[in-house]
$ cat run_0.pdb   # PDB, C-alpha atoms
ATOM      1  CA  MET U 159       0.000   0.000   0.000
ATOM      2  CA  GLY U 160       0.995   3.555  -0.639
ATOM      3  CA  ILE U 161       1.645   6.060   2.112
ATOM      4  CA  ILE U 162      -0.001   9.369   3.039
ATOM      5  CA  ARG U 163       2.002  11.967   4.981
ATOM      6  CA  LYS U 164      -0.186  14.826   6.174
ATOM      7  CA  LYS U 165       1.566  18.098   6.920
ATOM      8  CA  SER U 166       0.996  19.951  10.201
ATOM      9  CA  GLN U 167       2.610  22.750  12.175
ATOM     10  CA  GLU U 168       4.489  21.939  15.365
ATOM     11  CA  ASP U 169       6.485  24.604  17.226
ATOM     12  CA  ASP U 170       6.365  26.759  14.104
ATOM     13  CA  ARG U 171       7.954  23.992  12.018
ATOM     14  CA  ASP U 172       6.337  21.904   9.298
ATOM     15  CA  ARG U 173       6.012  18.305  10.367
ATOM     16  CA  TRP U 174       4.672  15.270   8.514
ATOM     17  CA  SER U 175       2.572  12.508  10.034
ATOM     18  CA  GLU U 176       4.417   9.440  11.282
ATOM     19  CA  VAL U 177       7.772  10.944  10.344
ATOM     20  CA  ASP U 178      10.512  11.258  12.992
ATOM     21  CA  LEU U 179      12.150  14.616  13.608
ATOM     22  CA  ARG U 180      15.853  13.787  13.439
ATOM     23  CA  THR U 181      18.816  15.946  14.253
ATOM     24  CA  TYR U 182      20.764  16.607  11.094
ATOM     25  CA  ARG U 183      24.347  16.222  12.210
ATOM     26  CA  GLY U 184      27.174  17.660  10.204
ATOM     27  CA  THR U 185      30.796  16.810  10.537
ATOM     28  CA  GLU U 186      31.097  19.564  13.159
ATOM     29  CA  GLY U 187      27.924  18.829  15.129
ATOM     30  CA  PRO U 188      24.188  19.535  14.850
ATOM     31  CA  ARG U 189      23.227  21.694  11.901
ATOM     32  CA  GLY U 190      19.452  21.445  11.856
ATOM     33  CA  THR U 191      16.737  18.841  11.468
ATOM     34  CA  LYS U 192      15.877  16.189   8.937
ATOM     35  CA  GLN U 193      12.578  14.426   8.234
ATOM     36  CA  ILE U 194      12.505  11.473   5.879
ATOM     37  CA  LEU U 195       9.054  11.751   4.298
ATOM     38  CA  LEU U 196       9.681   8.694   2.190
ATOM     39  CA  GLY U 197      12.678   6.429   2.004
ATOM     40  CA  PRO U 198      14.194   2.987   2.232
ATOM     41  CA  ASP U 199      12.499   2.262   5.580
ATOM     42  CA  ASP U 200       9.150   2.621   3.787
ATOM     43  CA  GLY U 201      10.148   0.127   1.140
ATOM     44  CA  ALA U 202      10.509   2.797  -1.522
ATOM     45  CA  PRO U 203      12.918   1.203  -3.976
ATOM     46  CA  ASN U 204      13.894   4.104  -6.224
ATOM     47  CA  PHE U 205      14.159   7.451  -4.458
ATOM     48  CA  ALA U 206      13.890   9.162  -1.074
ATOM     49  CA  MET U 207      12.217  12.486  -0.201
ATOM     50  CA  ARG U 208      13.618  14.332   2.779
ATOM     51  CA  VAL U 209      12.878  17.764   4.295
ATOM     52  CA  PHE U 210      15.595  19.734   6.083
ATOM     53  CA  HIS U 211      15.299  22.765   8.340
ATOM     54  CA  LEU U 212      18.344  24.995   8.852
ATOM     55  CA  ALA U 213      18.219  28.073  11.105
ATOM     56  CA  PRO U 214      19.620  31.320   9.654
ATOM     57  CA  GLY U 215      23.410  31.184   9.603
ATOM     58  CA  LYS U 216      23.511  27.400   9.471
ATOM     59  CA  SER U 217      24.768  25.402   6.498
ATOM     60  CA  SER U 218      24.736  21.863   5.232
ATOM     61  CA  ASN U 219      28.019  20.026   4.996
ATOM     62  CA  GLU U 220      30.280  21.241   2.216
ATOM     63  CA  GLU U 221      30.870  18.005   0.372
ATOM     64  CA  GLU U 222      30.565  15.921  -2.731
ATOM     65  CA  HIS U 223      29.321  12.359  -3.193
ATOM     66  CA  ALA U 224      28.260   9.916  -5.868
ATOM     67  CA  PHE U 225      24.510  10.510  -5.509
ATOM     68  CA  ASP U 226      22.729  13.563  -6.868
ATOM     69  CA  HIS U 227      20.308  15.944  -5.120
ATOM     70  CA  GLY U 228      17.063  17.382  -6.460
ATOM     71  CA  VAL U 229      16.165  20.281  -4.160
ATOM     72  CA  MET U 230      13.124  22.562  -3.991
ATOM     73  CA  VAL U 231      13.186  25.444  -1.523
ATOM     74  CA  LEU U 232       9.925  25.432   0.441
ATOM     75  CA  ARG U 233      10.460  28.285   2.943
ATOM     76  CA  GLY U 234      13.163  30.805   3.730
ATOM     77  CA  ARG U 235      16.095  31.839   1.600
ATOM     78  CA  CYS U 236      19.024  29.729   0.504
ATOM     79  CA  ARG U 237      22.441  30.323  -0.975
ATOM     80  CA  VAL U 238      23.761  27.246  -2.712
ATOM     81  CA  LEU U 239      27.374  26.624  -3.595
ATOM     82  CA  LEU U 240      27.658  24.549  -6.771
ATOM     83  CA  GLY U 241      31.242  23.865  -7.748
ATOM     84  CA  ASP U 242      32.828  27.271  -7.152
ATOM     85  CA  THR U 243      29.738  29.407  -7.857
ATOM     86  CA  THR U 244      26.976  30.528  -5.478
ATOM     87  CA  HIS U 245      23.333  31.063  -6.414
ATOM     88  CA  ASP U 246      20.578  32.720  -4.365
ATOM     89  CA  LEU U 247      17.350  30.753  -4.158
ATOM     90  CA  GLU U 248      13.842  31.605  -3.012
ATOM     91  CA  PRO U 249      10.811  29.432  -2.245
ATOM     92  CA  GLY U 250       9.835  27.355  -5.262
ATOM     93  CA  ASP U 251      13.277  27.507  -6.864
ATOM     94  CA  VAL U 252      14.848  24.171  -7.743
ATOM     95  CA  VAL U 253      18.459  23.091  -7.941
ATOM     96  CA  TRP U 254      19.983  19.892  -9.185
ATOM     97  CA  VAL U 255      23.335  18.938  -7.696
ATOM     98  CA  GLU U 256      24.825  16.461 -10.123
ATOM     99  CA  PRO U 257      26.713  13.376  -8.960
ATOM    100  CA  ASN U 258      30.117  14.212  -7.434
ATOM    101  CA  GLU U 259      29.534  17.960  -7.598
ATOM    102  CA  HIS U 260      30.941  20.020  -4.735
ATOM    103  CA  HIS U 261      28.076  21.761  -2.895
ATOM    104  CA  ARG U 262      26.802  23.434   0.260
ATOM    105  CA  PHE U 263      23.433  24.909   1.238
ATOM    106  CA  ASP U 264      23.417  28.045   3.418
ATOM    107  CA  SER U 265      20.390  29.383   5.288
ATOM    108  CA  VAL U 266      20.693  33.132   4.797
ATOM    109  CA  GLY U 267      17.637  34.207   6.844
ATOM    110  CA  PRO U 268      15.750  35.919   8.255
ATOM    111  CA  ASP U 269      13.452  32.875   8.315
ATOM    112  CA  VAL U 270      14.342  29.259   8.890
ATOM    113  CA  LEU U 271      15.262  27.556   5.627
ATOM    114  CA  GLU U 272      13.074  24.568   4.726
ATOM    115  CA  PHE U 273      13.871  22.535   1.652
ATOM    116  CA  LEU U 274      12.825  19.291   0.049
ATOM    117  CA  CYS U 275      15.761  17.142  -1.049
ATOM    118  CA  VAL U 276      15.283  14.145  -3.336
ATOM    119  CA  VAL U 277      18.015  11.530  -3.616
ATOM    120  CA  PRO U 278      18.164   8.029  -5.073
ATOM    121  CA  ALA U 279      17.234   5.406  -2.469
ATOM    122  CA  TRP U 280      20.816   4.176  -2.260
ATOM    123  CA  GLY U 281      21.931   7.776  -1.682
ATOM    124  CA  GLU U 282      19.810   8.033   1.465
ATOM    125  CA  VAL U 283      21.447   4.856   2.772
ATOM    126  CA  ASP U 284      24.860   6.326   1.981
ATOM    127  CA  ALA U 285      23.969   9.705   3.531
ATOM    128  CA  ARG U 286      23.068   8.069   6.843
ATOM    129  CA  LYS U 287      26.442   6.393   6.990
ATOM    130  CA  ARG U 288      28.205   9.702   6.404
ATOM    131  CA  CYS U 289      26.181  11.822   8.813
ATOM    132  CA  PRO U 290      23.893   9.828  11.118
ATOM    133  CA  ALA U 291      20.709  11.843  11.718
ATOM    134  CA  GLU U 292      19.003  10.600  14.864
TER     135      GLU U 292
ATOM    136  CA  MET D  35      27.404  21.239 -13.852
ATOM    137  CA  GLY D  36      24.294  21.337 -11.753
ATOM    138  CA  ILE D  37      21.143  23.150 -12.810
ATOM    139  CA  ILE D  38      19.212  26.069 -11.297
ATOM    140  CA  ARG D  39      15.491  26.430 -12.067
ATOM    141  CA  LYS D  40      14.112  29.752 -10.846
ATOM    142  CA  LYS D  41      10.394  29.913 -10.245
ATOM    143  CA  SER D  42       8.280  32.720 -11.680
ATOM    144  CA  GLN D  43       4.615  33.498 -12.278
ATOM    145  CA  GLU D  44       3.228  33.460 -15.805
ATOM    146  CA  ASP D  45      -0.495  33.815 -16.470
ATOM    147  CA  ASP D  46      -1.158  33.000 -12.820
ATOM    148  CA  ARG D  47       0.734  29.718 -13.124
ATOM    149  CA  ASP D  48       4.085  28.796 -11.567
ATOM    150  CA  ARG D  49       6.734  28.375 -14.230
ATOM    151  CA  TRP D  50      10.374  27.375 -13.956
ATOM    152  CA  SER D  51      13.230  28.850 -15.980
ATOM    153  CA  GLU D  52      14.216  27.008 -19.140
ATOM    154  CA  VAL D  53      11.458  24.441 -18.631
ATOM    155  CA  ASP D  54       8.915  23.836 -21.390
ATOM    156  CA  LEU D  55       5.211  24.034 -20.608
ATOM    157  CA  ARG D  56       3.844  20.791 -22.037
ATOM    158  CA  THR D  57       0.278  19.661 -22.444
ATOM    159  CA  TYR D  58      -0.340  16.719 -20.163
ATOM    160  CA  ARG D  59      -2.346  14.373 -22.353
ATOM    161  CA  GLY D  60      -4.401  11.621 -20.856
ATOM    162  CA  THR D  61      -5.840   8.687 -22.670
ATOM    163  CA  GLU D  62      -8.941  10.803 -23.397
ATOM    164  CA  GLY D  63      -7.245  14.059 -24.388
ATOM    165  CA  PRO D  64      -5.647  17.043 -22.667
ATOM    166  CA  ARG D  65      -5.887  16.984 -18.881
ATOM    167  CA  GLY D  66      -3.591  19.805 -17.826
ATOM    168  CA  THR D  67       0.049  20.822 -18.070
ATOM    169  CA  LYS D  68       3.346  19.218 -17.200
ATOM    170  CA  GLN D  69       6.739  20.803 -16.575
ATOM    171  CA  ILE D  70       9.794  18.591 -16.249
ATOM    172  CA  LEU D  71      11.973  20.528 -13.801
ATOM    173  CA  LEU D  72      14.636  17.874 -13.942
ATOM    174  CA  GLY D  73      14.794  14.657 -15.891
ATOM    175  CA  PRO D  74      16.543  12.426 -18.356
ATOM    176  CA  ASP D  75      17.013  15.262 -20.872
ATOM    177  CA  ASP D  76      19.146  17.030 -18.242
ATOM    178  CA  GLY D  77      21.331  13.980 -17.770
ATOM    179  CA  ALA D  78      19.879  13.235 -14.347
ATOM    180  CA  PRO D  79      20.530   9.511 -13.976
ATOM    181  CA  ASN D  80      18.414   8.572 -10.975
ATOM    182  CA  PHE D  81      15.131  10.459 -10.685
ATOM    183  CA  ALA D  82      12.934  13.046 -12.381
ATOM    184  CA  MET D  83      11.023  15.950 -10.809
ATOM    185  CA  ARG D  84       7.889  17.081 -12.636
ATOM    186  CA  VAL D  85       5.185  19.642 -11.797
ATOM    187  CA  PHE D  86       1.610  19.158 -12.990
ATOM    188  CA  HIS D  87      -1.270  21.623 -13.080
ATOM    189  CA  LEU D  88      -4.838  20.319 -13.238
ATOM    190  CA  ALA D  89      -7.841  22.647 -13.362
ATOM    191  CA  PRO D  90     -10.685  21.929 -10.915
ATOM    192  CA  GLY D  91     -12.655  18.908 -12.100
ATOM    193  CA  LYS D  92      -9.730  17.460 -14.034
ATOM    194  CA  SER D  93      -7.975  14.217 -13.102
ATOM    195  CA  SER D  94      -4.830  12.360 -13.959
ATOM    196  CA  ASN D  95      -5.145   9.064 -15.759
ATOM    197  CA  GLU D  96      -6.493   6.250 -13.596
ATOM    198  CA  GLU D  97      -3.754   3.697 -14.013
ATOM    199  CA  GLU D  98      -1.026   1.580 -12.559
ATOM    200  CA  HIS D  99       2.562   1.071 -13.709
ATOM    201  CA  ALA D 100       5.858  -0.375 -12.553
ATOM    202  CA  PHE D 101       7.357   2.931 -11.381
ATOM    203  CA  ASP D 102       6.400   4.656  -8.142
ATOM    204  CA  HIS D 103       5.361   8.282  -7.539
ATOM    205  CA  GLY D 104       6.433  10.585  -4.730
ATOM    206  CA  VAL D 105       3.987  13.489  -4.754
ATOM    207  CA  MET D 106       3.858  16.732  -2.764
ATOM    208  CA  VAL D 107       0.826  18.986  -3.212
ATOM    209  CA  LEU D 108       2.045  22.557  -3.783
ATOM    210  CA  ARG D 109      -1.222  24.447  -4.407
ATOM    211  CA  GLY D 110      -4.899  23.619  -4.513
ATOM    212  CA  ARG D 111      -6.681  20.588  -3.191
ATOM    213  CA  CYS D 112      -6.330  17.003  -4.321
ATOM    214  CA  ARG D 113      -8.233  13.789  -3.872
ATOM    215  CA  VAL D 114      -6.049  10.793  -4.520
ATOM    216  CA  LEU D 115      -7.293   7.297  -5.249
ATOM    217  CA  LEU D 116      -4.871   4.676  -3.912
ATOM    218  CA  GLY D 117      -6.020   1.155  -4.583
ATOM    219  CA  ASP D 118      -9.732   1.412  -3.748
ATOM    220  CA  THR D 119      -9.465   4.185  -1.128
ATOM    221  CA  THR D 120      -9.536   7.966  -1.576
ATOM    222  CA  HIS D 121      -7.647  10.480   0.564
ATOM    223  CA  ASP D 122      -8.035  14.267   0.644
ATOM    224  CA  LEU D 123      -4.788  16.200   0.422
ATOM    225  CA  GLU D 124      -3.862  19.822   1.036
ATOM    226  CA  PRO D 125      -0.738  21.824   0.198
ATOM    227  CA  GLY D 126       2.327  20.280   1.804
ATOM    228  CA  ASP D 127       0.802  16.809   2.083
ATOM    229  CA  VAL D 128       2.782  13.978   0.548
ATOM    230  CA  VAL D 129       1.693  10.694  -0.965
ATOM    231  CA  TRP D 130       3.711   7.748  -2.135
ATOM    232  CA  VAL D 131       2.142   5.613  -4.849
ATOM    233  CA  GLU D 132       3.972   2.317  -4.674
ATOM    234  CA  PRO D 133       4.971   0.385  -7.795
ATOM    235  CA  ASN D 134       1.976  -1.158  -9.602
ATOM    236  CA  GLU D 135      -0.571   0.512  -7.317
ATOM    237  CA  HIS D 136      -3.797   1.652  -8.934
ATOM    238  CA  HIS D 137      -4.118   5.440  -8.589
ATOM    239  CA  ARG D 138      -5.675   8.670  -9.827
ATOM    240  CA  PHE D 139      -5.263  12.314  -8.787
ATOM    241  CA  ASP D 140      -8.346  14.558  -8.852
ATOM    242  CA  SER D 141      -8.285  18.355  -8.716
ATOM    243  CA  VAL D 142     -11.212  19.166  -6.429
ATOM    244  CA  GLY D 143     -10.953  22.992  -6.562
ATOM    245  CA  PRO D 144     -11.689  25.770  -6.188
ATOM    246  CA  ASP D 145      -8.070  26.540  -7.139
ATOM    247  CA  VAL D 146      -5.929  24.891  -9.785
ATOM    248  CA  LEU D 147      -4.128  21.876  -8.389
ATOM    249  CA  GLU D 148      -0.338  22.069  -8.584
ATOM    250  CA  PHE D 149       1.743  19.114  -7.475
ATOM    251  CA  LEU D 150       5.326  17.972  -7.601
ATOM    252  CA  CYS D 151       5.694  14.377  -8.756
ATOM    253  CA  VAL D 152       8.985  12.502  -8.376
ATOM    254  CA  VAL D 153       9.589   9.333 -10.364
ATOM    255  CA  PRO D 154      12.656   7.236 -11.101
ATOM    256  CA  ALA D 155      14.416   8.422 -14.270
ATOM    257  CA  TRP D 156      13.329   5.327 -16.180
ATOM    258  CA  GLY D 157       9.750   6.012 -15.070
ATOM    259  CA  GLU D 158       9.758   9.397 -16.789
ATOM    260  CA  VAL D 159      10.930   7.717 -20.001
ATOM    261  CA  ASP D 160       8.136   5.175 -19.633
ATOM    262  CA  ALA D 161       5.538   7.846 -18.798
ATOM    263  CA  ARG D 162       6.297   9.725 -22.024
ATOM    264  CA  LYS D 163       5.684   6.595 -24.041
ATOM    265  CA  ARG D 164       2.338   6.064 -22.339
ATOM    266  CA  CYS D 165       1.065   9.630 -22.550
ATOM    267  CA  PRO D 166       3.175  11.929 -24.707
ATOM    268  CA  ALA D 167       3.182  15.417 -23.164
ATOM    269  CA  GLU D 168       4.083  17.990 -25.780
TER     270      GLU D 168
END

$ encode --input "run_0.pdb" --output "structure tokens"
Amino acid sequence: MGIIRKKSQEDDRDRWSEVDLRTYRGTEGPRGTKQILLGPDDGAPNFAMRVFHLAPGKSSNEEEHAFDHGVMVLRGRCRVLLGDTTHDLEPGDVVWVEPNEHHRFDSVGPDVLEFLCVVPAWGEVDARKRCPAE
Amino acid sequence: MGIIRKKSQEDDRDRWSEVDLRTYRGTEGPRGTKQILLGPDDGAPNFAMRVFHLAPGKSSNEEEHAFDHGVMVLRGRCRVLLGDTTHDLEPGDVVWVEPNEHHRFDSVGPDVLEFLCVVPAWGEVDARKRCPAE
């Protein structure tokens, strides 16, 4: 059977039904939160959909890896580093980080940055090994 | 290099930069529009991200297929048929249609339904064969 994830507000943060709120840990400690709306634990064989929240001033890890990212900004403002170039993104804007491309997402404020991040299913498994989010 | 798709408004519809507005054709004729924000034509090897618009009263094809769907409602209201059960969805809600699950998306109004639909890359190739969107 398919899965329905209803959105709600909790402590001024979007939450989805039956989805754990995990700490998104970077290499230098907590960076924000991560919710896996759909992923390998649900039996989804092809892709995973995750939502991240980063407070203003916080960033994702600056890294590269074999899996690609398909990102849509949902709330807040984002500066993304792709290779050696930065781009400013607003809600609704989409960015594709190709496999092995150097990247970082910055929350530039004033609001909390919320973004949807799609990865292949095997990428979510790999991401958890790199940066356990619990 | 990665890809940036900036969102804009055009004729009261969300559009994304350098993305064609295609007619989404069902088995019985035009049903709405489809924009492929990211897909096989961009060299994305793992997944595709598409946005559909359906006017109130319009529906997607009622069908099943080997690829799964990860859908987030962006605007409007949706009733989704999963198997033999319907669920009402609002903006931000997410639904996973598992492989080979019977499904249909209805735009129940009053606003145009806009939803993001993620599929595996090979699913987008298959979808175009089933219902050419041009």

$ interface_residues --input "run_0.pdb" --of "chain D" --to "chain U" --cutoff "6 Å" --atoms "all atoms listed in the file" --output "MDAnalysis selection string"
chainID D and resid 36:41 80 126:132 154

$ calpha_fit_and_write --input "run_0.pdb" --fixed "chain U" --moving "chain D" --output "compact mmCIF listing (two decimals) with C-alpha atoms, in the frame of the given file"
# COMPACT_ATOMS: atom_id res chain seq x y z
CA MET D 35 -0.02 0.00 0.02
CA GLY D 36 0.99 3.55 -0.65
CA ILE D 37 1.65 6.06 2.11
CA ILE D 38 -0.01 9.37 3.04
CA ARG D 39 2.00 11.97 4.97
CA LYS D 40 -0.18 14.84 6.18
CA LYS D 41 1.57 18.09 6.92
CA SER D 42 0.99 19.95 10.18
CA GLN D 43 2.60 22.74 12.18
CA GLU D 44 4.47 21.94 15.38
CA ASP D 45 6.45 24.60 17.23
CA ASP D 46 6.34 26.76 14.10
CA ARG D 47 7.94 24.00 12.04
CA ASP D 48 6.32 21.90 9.30
CA ARG D 49 5.99 18.29 10.38
CA TRP D 50 4.67 15.27 8.53
CA SER D 51 2.57 12.50 10.04
CA GLU D 52 4.41 9.43 11.27
CA VAL D 53 7.77 10.95 10.35
CA ASP D 54 10.49 11.25 13.00
CA LEU D 55 12.14 14.61 13.61
CA ARG D 56 15.85 13.79 13.44
CA THR D 57 18.82 15.95 14.26
CA TYR D 58 20.75 16.61 11.08
CA ARG D 59 24.35 16.20 12.19
CA GLY D 60 27.16 17.63 10.18
CA THR D 61 30.79 16.78 10.50
CA GLU D 62 31.08 19.53 13.14
CA GLY D 63 27.92 18.82 15.13
CA PRO D 64 24.20 19.52 14.85
CA ARG D 65 23.23 21.69 11.89
CA GLY D 66 19.45 21.44 11.85
CA THR D 67 16.72 18.84 11.47
CA LYS D 68 15.87 16.19 8.93
CA GLN D 69 12.58 14.43 8.24
CA ILE D 70 12.51 11.47 5.88
CA LEU D 71 9.05 11.74 4.30
CA LEU D 72 9.68 8.69 2.20
CA GLY D 73 12.68 6.42 2.00
CA PRO D 74 14.20 2.99 2.24
CA ASP D 75 12.50 2.28 5.59
CA ASP D 76 9.15 2.63 3.79
CA GLY D 77 10.16 0.12 1.14
CA ALA D 78 10.50 2.80 -1.52
CA PRO D 79 12.92 1.20 -3.98
CA ASN D 80 13.90 4.10 -6.21
CA PHE D 81 14.17 7.46 -4.45
CA ALA D 82 13.89 9.16 -1.07
CA MET D 83 12.22 12.48 -0.20
CA ARG D 84 13.63 14.33 2.80
CA VAL D 85 12.89 17.76 4.31
CA PHE D 86 15.60 19.73 6.09
CA HIS D 87 15.31 22.77 8.34
CA LEU D 88 18.34 25.01 8.86
CA ALA D 89 18.23 28.07 11.10
CA PRO D 90 19.62 31.32 9.65
CA GLY D 91 23.41 31.18 9.59
CA LYS D 92 23.51 27.39 9.47
CA SER D 93 24.77 25.40 6.49
CA SER D 94 24.73 21.87 5.23
CA ASN D 95 28.01 20.02 5.01
CA GLU D 96 30.28 21.23 2.22
CA GLU D 97 30.87 18.01 0.37
CA GLU D 98 30.56 15.93 -2.73
CA HIS D 99 29.32 12.36 -3.18
CA ALA D 100 28.27 9.91 -5.86
CA PHE D 101 24.52 10.51 -5.50
CA ASP D 102 22.73 13.56 -6.87
CA HIS D 103 20.30 15.94 -5.12
CA GLY D 104 17.07 17.39 -6.45
CA VAL D 105 16.18 20.28 -4.16
CA MET D 106 13.13 22.55 -3.98
CA VAL D 107 13.19 25.45 -1.52
CA LEU D 108 9.92 25.44 0.45
CA ARG D 109 10.45 28.29 2.94
CA GLY D 110 13.16 30.80 3.71
CA ARG D 111 16.10 31.83 1.60
CA CYS D 112 19.03 29.72 0.50
CA ARG D 113 22.44 30.33 -0.98
CA VAL D 114 23.75 27.25 -2.71
CA LEU D 115 27.37 26.62 -3.60
CA LEU D 116 27.66 24.55 -6.78
CA GLY D 117 31.23 23.86 -7.76
CA ASP D 118 32.83 27.27 -7.15
CA THR D 119 29.73 29.41 -7.85
CA THR D 120 26.98 30.53 -5.48
CA HIS D 121 23.33 31.07 -6.42
CA ASP D 122 20.58 32.72 -4.37
CA LEU D 123 17.36 30.76 -4.16
CA GLU D 124 13.85 31.62 -3.01
CA PRO D 125 10.82 29.44 -2.24
CA GLY D 126 9.83 27.38 -5.27
CA ASP D 127 13.29 27.51 -6.86
CA VAL D 128 14.85 24.18 -7.74
CA VAL D 129 18.46 23.09 -7.94
CA TRP D 130 19.99 19.89 -9.18
CA VAL D 131 23.34 18.94 -7.68
CA GLU D 132 24.83 16.47 -10.11
CA PRO D 133 26.72 13.38 -8.96
CA ASN D 134 30.13 14.21 -7.43
CA GLU D 135 29.54 17.97 -7.59
CA HIS D 136 30.94 20.01 -4.72
CA HIS D 137 28.07 21.76 -2.90
CA ARG D 138 26.80 23.43 0.26
CA PHE D 139 23.43 24.92 1.24
CA ASP D 140 23.42 28.05 3.41
CA SER D 141 20.40 29.39 5.29
CA VAL D 142 20.69 33.15 4.80
CA GLY D 143 17.62 34.20 6.84
CA PRO D 144 15.76 35.93 8.24
CA ASP D 145 13.45 32.89 8.29
CA VAL D 146 14.35 29.26 8.87
CA LEU D 147 15.27 27.55 5.62
CA GLU D 148 13.08 24.58 4.73
CA PHE D 149 13.88 22.53 1.65
CA LEU D 150 12.83 19.29 0.06
CA CYS D 151 15.76 17.15 -1.03
CA VAL D 152 15.28 14.15 -3.33
CA VAL D 153 18.01 11.53 -3.61
CA PRO D 154 18.16 8.04 -5.07
CA ALA D 155 17.23 5.41 -2.46
CA TRP D 156 20.82 4.18 -2.25
CA GLY D 157 21.93 7.78 -1.68
CA GLU D 158 19.82 8.03 1.47
CA VAL D 159 21.45 4.85 2.77
CA ASP D 160 24.86 6.33 1.99
CA ALA D 161 23.97 9.71 3.53
CA ARG D 162 23.07 8.07 6.84
CA LYS D 163 26.45 6.39 6.98
CA ARG D 164 28.20 9.70 6.37
CA CYS D 165 26.20 11.81 8.80
CA PRO D 166 23.91 9.83 11.09
CA ALA D 167 20.73 11.85 11.70
CA GLU D 168 19.03 10.66 14.86

$ resolve_selection --input "run_0.pdb" --expression "the PyMOL selection byres ((chain D and resi 57) around 8)" --output "PyMOL selection string"
chain D and resi 55-56+58-59+64-68+167-168

$ atom_distance --input "run_0.pdb" --atom1 "atom CA of D:Gly60" --atom2 "atom CA of U:Cys275"
28.8 Å

$ residues_around --input "run_0.pdb" --residues "D:Arg47" --least-positions-apart "3" --cutoff "10 Å" --atoms "only C-alpha atoms" --output "list in words"
Ser42, Gln43, Glu44, Trp50, His87, Val146 and Glu148 of chain D

$ atom_distance --input "run_0.pdb" --atom1 "atom CA of U:Arg233" --atom2 "atom CA of U:Glu221"
23.0 Å

$ resolve_selection --input "run_0.pdb" --expression "the PyMOL selection byres ((chain D and resi 95) around 8)" --output "JSON list (two decimals) with C-alpha atoms, keeping the file's coordinate frame"
[["chain", "number", "residue", "atom", "x", "y", "z"],
["D", 60, "GLY", "CA", -4.40, 11.62, -20.86],
["D", 61, "THR", "CA", -5.84, 8.69, -22.67],
["D", 93, "SER", "CA", -7.98, 14.22, -13.10],
["D", 94, "SER", "CA", -4.83, 12.36, -13.96],
["D", 96, "GLU", "CA", -6.49, 6.25, -13.60],
["D", 97, "GLU", "CA", -3.75, 3.70, -14.01],
["D", 138, "ARG", "CA", -5.68, 8.67, -9.83],
["D", 139, "PHE", "CA", -5.26, 12.31, -8.79]]

$ atom_distance --input "run_0.pdb" --atom1 "atom CA of D:Pro144" --atom2 "atom CA of D:Ala161"
27.9 Å

$ closest_residue --input "run_0.pdb" --among "U:Phe210, U:Gly267, U:Ala224, U:Cys289" --to "U:Cys236" --atoms "only C-alpha atoms"
U:Gly267

$ decode --input "run_0.pdb" --residues "stretch 192-218 of chain U" --atoms "C-alpha atoms" --output "compact mmCIF listing (two decimals), in the first residue's frame"
# COMPACT_ATOMS: atom_id res chain seq x y z
CA LYS U 192 15.88 16.19 8.94
CA GLN U 193 12.58 14.43 8.23
CA ILE U 194 12.51 11.47 5.88
CA LEU U 195 9.05 11.75 4.30
CA LEU U 196 9.68 8.69 2.19
CA GLY U 197 12.68 6.43 2.00
CA PRO U 198 14.19 2.99 2.23
CA ASP U 199 12.50 2.26 5.58
CA ASP U 200 9.15 2.62 3.79
CA GLY U 201 10.15 0.13 1.14
CA ALA U 202 10.51 2.80 -1.52
CA PRO U 203 12.92 1.20 -3.98
CA ASN U 204 13.89 4.10 -6.22
CA PHE U 205 14.16 7.45 -4.46
CA ALA U 206 13.89 9.16 -1.07
CA MET U 207 12.22 12.49 -0.20
CA ARG U 208 13.62 14.33 2.78
CA VAL U 209 12.88 17.76 4.30
CA PHE U 210 15.59 19.73 6.08
CA HIS U 211 15.30 22.76 8.34
CA LEU U 212 18.34 25.00 8.85
CA ALA U 213 18.22 28.07 11.10
CA PRO U 214 19.62 31.32 9.65
CA GLY U 215 23.41 31.18 9.60
CA LYS U 216 23.51 27.40 9.47
CA SER U 217 24.77 25.40 6.50
CA SER U 218 24.74 21.86 5.23
